[in-house]
$ cat start-v9.cif   # mmCIF, C-alpha atoms
data_final
loop_
_atom_site.label_atom_id
_atom_site.label_comp_id
_atom_site.auth_asym_id
_atom_site.auth_seq_id
_atom_site.Cartn_x
_atom_site.Cartn_y
_atom_site.Cartn_z
CA MET F 1027 20.71 -1.23 17.43
CA SER F 1028 18.38 -3.71 15.78
CA SER F 1029 19.47 -6.25 13.25
CA ARG F 1030 17.76 -8.41 10.69
CA GLU F 1031 18.37 -11.52 12.82
CA ASP F 1032 16.63 -9.88 15.79
CA TYR F 1033 13.62 -8.73 13.77
CA ALA F 1034 10.30 -10.47 14.38
CA PRO F 1035 7.03 -8.88 13.21
CA GLY F 1036 4.31 -8.23 15.73
CA ALA F 1037 0.76 -9.54 15.49
CA ALA F 1038 -1.46 -8.74 12.51
CA PHE F 1039 -3.07 -5.31 12.95
CA GLY F 1040 -4.15 -2.15 11.17
CA ALA F 1041 -5.54 -3.82 8.06
CA GLU F 1042 -8.96 -4.30 6.52
CA VAL F 1043 -10.43 -5.45 3.24
CA ARG F 1044 -13.02 -3.56 1.23
CA ARG F 1045 -15.00 -5.01 -1.63
CA GLU F 1046 -16.98 -3.32 -4.40
CA GLY F 1047 -18.35 -5.94 -6.78
CA GLU F 1048 -15.36 -7.98 -7.91
CA GLN F 1049 -12.90 -5.25 -6.85
CA TRP F 1050 -10.96 -6.02 -3.66
CA THR F 1051 -8.93 -3.38 -1.84
CA LEU F 1052 -6.51 -4.03 0.99
CA VAL F 1053 -6.28 -1.04 3.35
CA LEU F 1054 -3.33 -0.88 5.74
CA VAL F 1055 -2.79 1.83 8.35
CA ARG F 1056 0.39 2.35 10.32
CA ASP F 1057 1.36 5.17 12.67
CA LEU F 1058 5.03 6.03 12.30
CA ALA F 1059 7.11 8.22 14.61
CA HIS F 1060 8.59 10.08 11.64
CA ARG F 1061 7.70 13.36 9.93
CA PRO F 1062 5.47 13.21 6.82
CA GLU F 1063 8.31 14.75 4.75
CA ASP F 1064 10.63 11.89 5.75
CA VAL F 1065 7.99 9.23 5.05
CA TRP F 1066 7.25 10.89 1.69
CA LYS F 1067 10.92 10.73 0.71
CA ALA F 1068 11.00 7.01 1.61
CA LEU F 1069 7.92 6.42 -0.59
CA THR F 1070 9.27 8.30 -3.59
CA ASP F 1071 13.09 8.26 -3.63
CA PRO F 1072 14.54 5.31 -5.60
CA GLU F 1073 17.45 4.87 -3.18
CA GLN F 1074 15.15 4.64 -0.17
CA LEU F 1075 12.66 2.39 -1.98
CA ARG F 1076 15.52 -0.10 -2.50
CA GLU F 1077 15.82 -0.35 1.29
CA TRP F 1078 12.25 -1.46 2.07
CA ALA F 1079 9.79 -1.67 -0.87
CA PRO F 1080 8.85 -4.77 -2.92
CA PHE F 1081 9.77 -2.90 -6.11
CA ASP F 1082 12.53 -0.67 -7.46
CA SER F 1083 11.82 2.52 -9.38
CA ASP F 1084 14.01 4.01 -12.07
CA ARG F 1085 13.07 7.56 -11.02
CA ASN F 1086 11.60 9.60 -8.20
CA LEU F 1087 7.88 8.85 -7.91
CA GLY F 1088 7.23 12.25 -6.32
CA SER F 1089 7.85 14.05 -9.60
CA GLY F 1090 4.48 12.93 -11.00
CA CYS F 1091 6.06 11.35 -14.07
CA SER F 1092 6.11 7.93 -15.60
CA ALA F 1093 8.49 5.39 -14.11
CA LYS F 1094 9.55 1.80 -14.56
CA LEU F 1095 8.85 -0.35 -11.50
CA SER F 1096 10.77 -3.62 -11.19
CA THR F 1097 9.29 -6.26 -8.90
CA VAL F 1098 12.00 -7.52 -6.54
CA GLY F 1099 12.57 -11.27 -6.44
CA ALA F 1100 10.29 -12.15 -9.36
CA PRO F 1101 11.30 -15.50 -10.94
CA THR F 1102 11.76 -13.68 -14.26
CA PRO F 1103 12.30 -9.92 -14.60
CA HIS F 1104 8.95 -8.20 -14.09
CA ILE F 1105 9.12 -4.55 -15.08
CA THR F 1106 6.01 -2.44 -15.51
CA GLU F 1107 5.66 1.10 -16.78
CA THR F 1108 3.57 3.27 -14.50
CA GLN F 1109 2.25 6.78 -14.69
CA VAL F 1110 2.15 8.50 -11.33
CA LYS F 1111 -1.47 9.64 -11.18
CA ARG F 1112 -1.05 11.95 -8.20
CA ALA F 1113 1.96 13.22 -6.30
CA ASP F 1114 0.87 15.81 -3.73
CA ALA F 1115 3.88 16.02 -1.39
CA PRO F 1116 3.82 15.08 1.44
CA LYS F 1117 0.17 14.02 1.47
CA VAL F 1118 -0.94 11.70 -1.36
CA LEU F 1119 0.84 9.46 -3.85
CA GLU F 1120 -1.05 7.35 -6.41
CA PHE F 1121 0.31 5.02 -9.07
CA SER F 1122 -0.15 1.51 -10.46
CA TRP F 1123 2.21 -1.41 -9.91
CA GLY F 1124 1.76 -4.54 -11.98
CA GLY F 1125 -1.74 -3.46 -12.99
CA GLN F 1126 -2.86 -2.83 -9.40
CA ASP F 1127 -3.58 0.67 -8.10
CA LEU F 1128 -1.75 1.89 -5.01
CA ARG F 1129 -2.78 4.99 -3.08
CA TRP F 1130 -0.63 6.23 -0.19
CA GLU F 1131 -1.93 8.89 2.20
CA LEU F 1132 0.21 10.60 4.82
CA GLU F 1133 -1.49 12.39 7.68
CA PRO F 1134 0.53 14.38 10.23
CA LEU F 1135 0.17 13.18 13.81
CA GLY F 1136 0.90 15.11 16.99
CA GLY F 1137 4.52 14.90 18.08
CA GLY F 1138 5.87 14.91 14.53
CA GLY F 1139 4.65 11.47 13.48
CA THR F 1140 2.72 10.29 10.43
CA ARG F 1141 -0.30 8.08 9.90
CA LEU F 1142 0.48 6.17 6.70
CA THR F 1143 -2.48 4.60 4.91
CA LEU F 1144 -2.09 2.36 1.87
CA TRP F 1145 -4.98 1.35 -0.39
CA HIS F 1146 -3.88 -1.56 -2.60
CA ASP F 1147 -6.31 -2.93 -5.18
CA ILE F 1148 -5.48 -6.63 -5.08
CA ASP F 1149 -6.69 -9.98 -6.33
CA ARG F 1150 -8.85 -11.70 -3.68
CA GLY F 1151 -6.54 -14.73 -3.62
CA PHE F 1152 -3.59 -12.61 -2.49
CA ILE F 1153 -5.20 -10.50 0.23
CA SER F 1154 -3.66 -12.17 3.29
CA MET F 1155 -0.31 -12.62 1.54
CA GLY F 1156 -0.32 -8.95 0.54
CA ALA F 1157 -1.21 -7.83 4.06
CA ALA F 1158 1.59 -9.94 5.54
CA GLY F 1159 4.10 -8.65 2.98
CA TRP F 1160 3.17 -5.00 3.44
CA HIS F 1161 3.20 -5.45 7.24
CA ILE F 1162 6.85 -6.52 7.04
CA CYS F 1163 7.67 -3.77 4.50
CA PHE F 1164 6.21 -1.16 6.88
CA ASP F 1165 8.30 -2.56 9.76
CA VAL F 1166 11.43 -2.36 7.61
CA LEU F 1167 10.45 1.17 6.51
CA ASP F 1168 10.00 2.24 10.16
CA ARG F 1169 13.47 0.93 11.06
CA LEU F 1170 15.02 2.62 8.02
CA LEU F 1171 13.53 5.98 9.01
CA ALA F 1172 14.72 5.47 12.59
CA GLY F 1173 18.29 5.10 11.30
CA GLN F 1174 18.39 1.34 12.00
CA PRO F 1175 18.04 -0.25 8.55
CA ILE F 1176 17.77 -4.04 8.39
CA GLY F 1177 17.43 -4.36 4.60
CA ARG F 1178 14.27 -5.18 2.73
CA ILE F 1179 12.53 -8.51 3.17
CA VAL F 1180 10.39 -9.04 0.06
CA GLY F 1181 9.54 -11.43 -2.77
CA PRO F 1182 10.30 -15.14 -2.35
CA GLU F 1183 12.63 -14.26 0.55
CA VAL F 1184 9.74 -12.96 2.67
CA MET F 1185 7.83 -16.23 2.25
CA LYS F 1186 10.74 -18.14 3.79
CA PHE F 1187 10.72 -15.75 6.73
CA GLY F 1188 8.97 -17.42 9.69
CA GLY F 1189 7.14 -14.27 10.74
CA TRP F 1190 5.54 -13.95 7.32
CA GLN F 1191 3.93 -17.41 7.52
CA ARG F 1192 2.38 -16.51 10.89
CA LEU F 1193 1.20 -13.10 9.65
CA ASN F 1194 -0.30 -14.64 6.50
CA ALA F 1195 -2.31 -17.05 8.69
CA GLU F 1196 -3.38 -14.28 11.10
CA TYR F 1197 -4.53 -11.96 8.30
CA ALA F 1198 -6.33 -14.82 6.51
CA LYS F 1199 -8.25 -15.57 9.70
CA GLN F 1200 -8.92 -11.89 10.36
CA PHE F 1201 -10.26 -11.35 6.81
CA GLY F 1202 -12.07 -14.70 6.59
CA VAL F 1203 -10.25 -15.72 3.41
CA GLU F 1204 -8.68 -19.02 2.51
CA ARG F 1205 -4.91 -19.18 2.36
#

$ encode --input "start-v9.cif" --output "structure tokens"
Amino acid sequence: MSSREDYAPGAAFGAEVRREGEQWTLVLVRDLAHRPEDVWKALTDPEQLREWAPFDSDRNLGSGCSAKLSTVGAPTPHITETQVKRADAPKVLEFSWGGQDLRWELEPLGGGGTRLTLWHDIDRGFISMGAAGWHICFDVLDRLLAGQPIGRIVGPEVMKFGGWQRLNAEYAKQFGVER
């Protein structure tokens, strides 16, 4: 049984940055030992999102509707209305969060696992921070799906977490961006 106190993120991996003009996209890939249907539910169900994601949703994102996303840990309430652009269960989910587009792709792997790929359009100045934050979110998601939840680590709380500082530095070096 893992606990939050025992959790330490591994080294930076599975991320790259793509640039088209002034548009920067962070691409993160993680292989999970969980079925695409289970990963899909964790990406779309408000109760599961509250366990690992950096935002809460007022409704199921898999229904292809509009939803209110609340950023967790924002200094002042930060709620944005989003329209789910695509919800093709359990393969593709697209929506915006805080004016940034997110695209999730789920690809079945042999043995019942899932390759989860996230494309996050992000401001250049936040690339390494975003990669470090999503890295930890994916770890928390993996533990949740394995039946060993440790609770989400997001917002200002994640920045106080020692592993985040190291990951931020590793991703900054990997991407060649200033921190």

$ closest_residue --input "start-v9.cif" --among "F:Gly1202, F:Pro1103, F:Gly1040, F:Gly1188" --to "Gly1151 in chain F" --atoms "all atoms listed in the file"
F:Gly1202

$ closest_atom_pairs --input "start-v9.cif" --of "range 1147-1178 of chain F" --to "range 1033-1036 of chain F" --cutoff "12 Å" --atoms "all atoms listed in the file" --output "JSON lines"
{"residue": "F:Ala1158", "atom": "CA", "partner": "F:Pro1035", "partner_atom": "CA", "distance": 9.5}
{"residue": "F:Gly1159", "atom": "CA", "partner": "F:Pro1035", "partner_atom": "CA", "distance": 10.6}
{"residue": "F:Trp1160", "atom": "CA", "partner": "F:Pro1035", "partner_atom": "CA", "distance": 11.2}
{"residue": "F:His1161", "atom": "CA", "partner": "F:Pro1035", "partner_atom": "CA", "distance": 7.9}
{"residue": "F:Ile1162", "atom": "CA", "partner": "F:Pro1035", "partner_atom": "CA", "distance": 6.6}
{"residue": "F:Cys1163", "atom": "CA", "partner": "F:Pro1035", "partner_atom": "CA", "distance": 10.1}
{"residue": "F:Phe1164", "atom": "CA", "partner": "F:Pro1035", "partner_atom": "CA", "distance": 10.0}
{"residue": "F:Asp1165", "atom": "CA", "partner": "F:Pro1035", "partner_atom": "CA", "distance": 7.3}
{"residue": "F:Val1166", "atom": "CA", "partner": "F:Tyr1033", "partner_atom": "CA", "distance": 9.1}
{"residue": "F:Asp1168", "atom": "CA", "partner": "F:Pro1035", "partner_atom": "CA", "distance": 11.9}
{"residue": "F:Arg1169", "atom": "CA", "partner": "F:Tyr1033", "partner_atom": "CA", "distance": 10.0}
{"residue": "F:Gln1174", "atom": "CA", "partner": "F:Tyr1033", "partner_atom": "CA", "distance": 11.3}
{"residue": "F:Pro1175", "atom": "CA", "partner": "F:Tyr1033", "partner_atom": "CA", "distance": 10.9}
{"residue": "F:Ile1176", "atom": "CA", "partner": "F:Tyr1033", "partner_atom": "CA", "distance": 8.3}
{"residue": "F:Gly1177", "atom": "CA", "partner": "F:Tyr1033", "partner_atom": "CA", "distance": 10.8}
{"residue": "F:Arg1178", "atom": "CA", "partner": "F:Tyr1033", "partner_atom": "CA", "distance": 11.6}

$ resolve_selection --input "start-v9.cif" --expression "the PyMOL selection byres ((chain F and resi 1194-1200) around 8)" --output "PyMOL selection string"
chain F and resi 1037-1038+1153-1155+1157-1158+1190-1193+1201-1205

$ resolve_selection --input "start-v9.cif" --expression "the PyMOL selection byres ((chain F and resi 1138-1147) around 8)" --output "list in words"
Gln1049, Trp1050, Thr1051, Leu1052, Val1053, Leu1054, Val1055, Arg1056, Asp1057, Leu1058, Ala1059, His1060, Arg1061, Pro1062, Val1065, Gln1126, Asp1127, Leu1128, Arg1129, Trp1130, Glu1131, Leu1132, Glu1133, Pro1134, Leu1135, Gly1136, Gly1137, Ile1148 and Asp1149 of chain F

$ residues_around --input "start-v9.cif" --residues "Arg1076 in chain F" --least-positions-apart "2" --cutoff "12 Å" --atoms "only C-alpha atoms" --output "JSON, numbers by chain"
{"F": [1068, 1069, 1070, 1071, 1072, 1073, 1074, 1078, 1079, 1080, 1081, 1082, 1083, 1084, 1085, 1086, 1095, 1096, 1097, 1098, 1163, 1166, 1167, 1170, 1175, 1176, 1177, 1178, 1179, 1180]}

$ closest_residue --input "start-v9.cif" --among "F:Pro1101, F:Asp1064, F:Gln1109, F:Phe1187" --to "Arg1030 in chain F" --atoms "all atoms listed in the file"
F:Phe1187

$ closest_residue --input "start-v9.cif" --among "F:Arg1150, F:Ala1172, F:Leu1075, F:Lys1186" --to "Arg1044 in chain F" --atoms "all atoms listed in the file"
F:Arg1150

$ closest_residue --input "start-v9.cif" --among "F:Ala1100, F:Ala1115, F:Val1110, F:Ile1105" --to "Pro1182 in chain F" --atoms "only C-alpha atoms"
F:Ala1100

$ atom_distance --input "start-v9.cif" --atom1 "CA of Leu1119 in chain F" --atom2 "CA of Glu1063 in chain F"
12.6 Å

$ residues_near_point --input "start-v9.cif" --point "(-4.5, 12.1, -13.8)" --cutoff "10 Å" --atoms "all atoms listed in the file" --output "PyMOL selection string"
chain F and resi 1090+1109-1113+1120-1121

$ write_last_selection --input "start-v9.cif" --atoms "C-alpha atoms" --output "tab-separated table (two decimals), in the coordinates of the input"
chain	number	residue	atom	x	y	z
F	1090	GLY	CA	4.48	12.93	-11.00
F	1109	GLN	CA	2.25	6.78	-14.69
F	1110	VAL	CA	2.15	8.50	-11.33
F	1111	LYS	CA	-1.47	9.64	-11.18
F	1112	ARG	CA	-1.05	11.95	-8.20
F	1113	ALA	CA	1.96	13.22	-6.30
F	1120	GLU	CA	-1.05	7.35	-6.41
F	1121	PHE	CA	0.31	5.02	-9.07

$ axis_aligned_box --input "start-v9.cif" --around "range 1113-1123 of chain F" --padding-each-side "3 Å" --output "lines of an AutoDock Vina configuration file"
center_x = 1.4
center_y = 7.3
center_z = -4.5
size_x = 10.9
size_y = 23.4
size_z = 17.9
